[in-house]
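Please read the structure below before turning to the comments.
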Amino acid sequence: MKEWGPTFLRLAMGGVFIAHGAQKLFGVWGGGGLSGTTAYFTSLGLPSPSLLAILVSSVEAGGGALLVVGYQTIWVALALIVNMGVAIWKVHYTHGFFLNWTNAPGVGHGYEYNLVLIAGLLCLIFTGAGALSIDYARQRAAEEEAAGRARLRAKVNQ
C-alpha cells in the first residue's frame, strides 16, 4: 500500500500545477494568460518577461501534466521546486509567511503555499511517483528484467 501515498500526492500536485500553468498560459479560471503573465513579470522587473512567461507557464502546465502521468518525476519535481523558489524570492517573501486570506487590497500573499508545494515535491523526489505511474511501471519492468538475468546466470553457473 505504500505506493499509493505518493500516487495521491502526485495526482493532486499535478492538478494544481496544471491549473496554475493554464491560468498563466491561456487565461482560464481567472488567469491573465500570457499577456497578463508577461505584464506581471515586467512589473517585477524581470529580464525577458515574454520569454520568462512562456517558460514559467510551460513548466507549470507541462510539469503538472507529467506529474499526473508520473513520468520523469524527479526531474519534473526539481524544475517545479526551482519555479516555486523563484516565486518565493521575487514575489511572496516580502509579504511574510501567511496567505492573504481576506484578500485585503494592496496586500500580497506570503510564501506558505509555495513552501507546502516545495515540501510535496521533495516528498515525490524521495519516495518516487508511486503506483499508476510511468516511472513505477518502468522501474518494475527493469527490476523484473534484472531478476530474470540473475536467474539465468544462476542456472548457467550451476
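Please note that chains go A, B, ... in the order of the C-alpha cells, that every chain numbers its residues from 1, and that ligands are numbered from 1 in the order shown.
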Mind listing the alpha helix (DSSP H) residues of stretch 76-116 of chain A, per DSSP on the backbone, as an mmCIF file with C-alpha atoms, in the first residue's frame?
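Written out: selection_14.cif:
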```cif
data_model
loop_
_atom_site.group_PDB
_atom_site.id
_atom_site.type_symbol
_atom_site.label_atom_id
_atom_site.label_comp_id
_atom_site.auth_asym_id
_atom_site.auth_seq_id
_atom_site.Cartn_x
_atom_site.Cartn_y
_atom_site.Cartn_z
ATOM 1 C CA VAL A 76 9.929 17.483 -13.094
ATOM 2 C CA ALA A 77 9.807 18.000 -9.330
ATOM 3 C CA LEU A 78 13.229 19.665 -9.396
ATOM 4 C CA ALA A 79 12.110 22.067 -12.149
ATOM 5 C CA LEU A 80 8.948 22.921 -10.207
ATOM 6 C CA ILE A 81 10.946 23.439 -6.988
ATOM 7 C CA VAL A 82 13.144 25.960 -8.804
ATOM 8 C CA ASN A 83 9.991 27.628 -10.135
ATOM 9 C CA MET A 84 8.481 27.874 -6.637
ATOM 10 C CA GLY A 85 11.790 29.037 -5.156
ATOM 11 C CA VAL A 86 11.964 31.921 -7.616
ATOM 12 C CA ALA A 87 8.307 32.742 -6.908
ATOM 13 C CA GLU A 112 3.338 29.391 2.943
ATOM 14 C CA TYR A 113 1.557 27.828 -0.050
ATOM 15 C CA ASN A 114 4.767 27.719 -2.096
ATOM 16 C CA LEU A 115 6.532 26.117 0.851
ATOM 17 C CA VAL A 116 3.899 23.373 1.055
#
```
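Proximity of A:Val28, A:Val107, A:Leu124, A:Val56 to A:His92, computed with only C-alpha atoms, is greatest for A:Val107.
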- Message: So that I can check the surroundings of A:Ser57, please list as a PyMOL selection string every protein, DNA and RNA residue that reaches within 6 Å of it, counting only C-alpha atoms and ignoring chain neighbours fewer than 2 positions away.
- Response: chain A and resi 21+24-25+53-55+59-60
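Proximity ranking of A:Ser35, A:Thr102, A:Thr127, A:Ser48 relative to A:Lys2 places A:Thr127 first, based on only C-alpha atoms.
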- What separates atom CA of A:Phe97 and atom CA of A:Tyr111 is a distance of 5.1 Å
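Proximity to A:Met1 was assessed for A:Gly148, A:Ala141, A:Gly130, A:Ser43 counting only C-alpha atoms; the smallest distance is recorded for A:Gly130.
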- Message: So the first atom is atom CA of A:Asn103 and the second is atom CA of A:Met13; what is the distance between them in Å, to one decimal place?
- Response: 23.4 Å
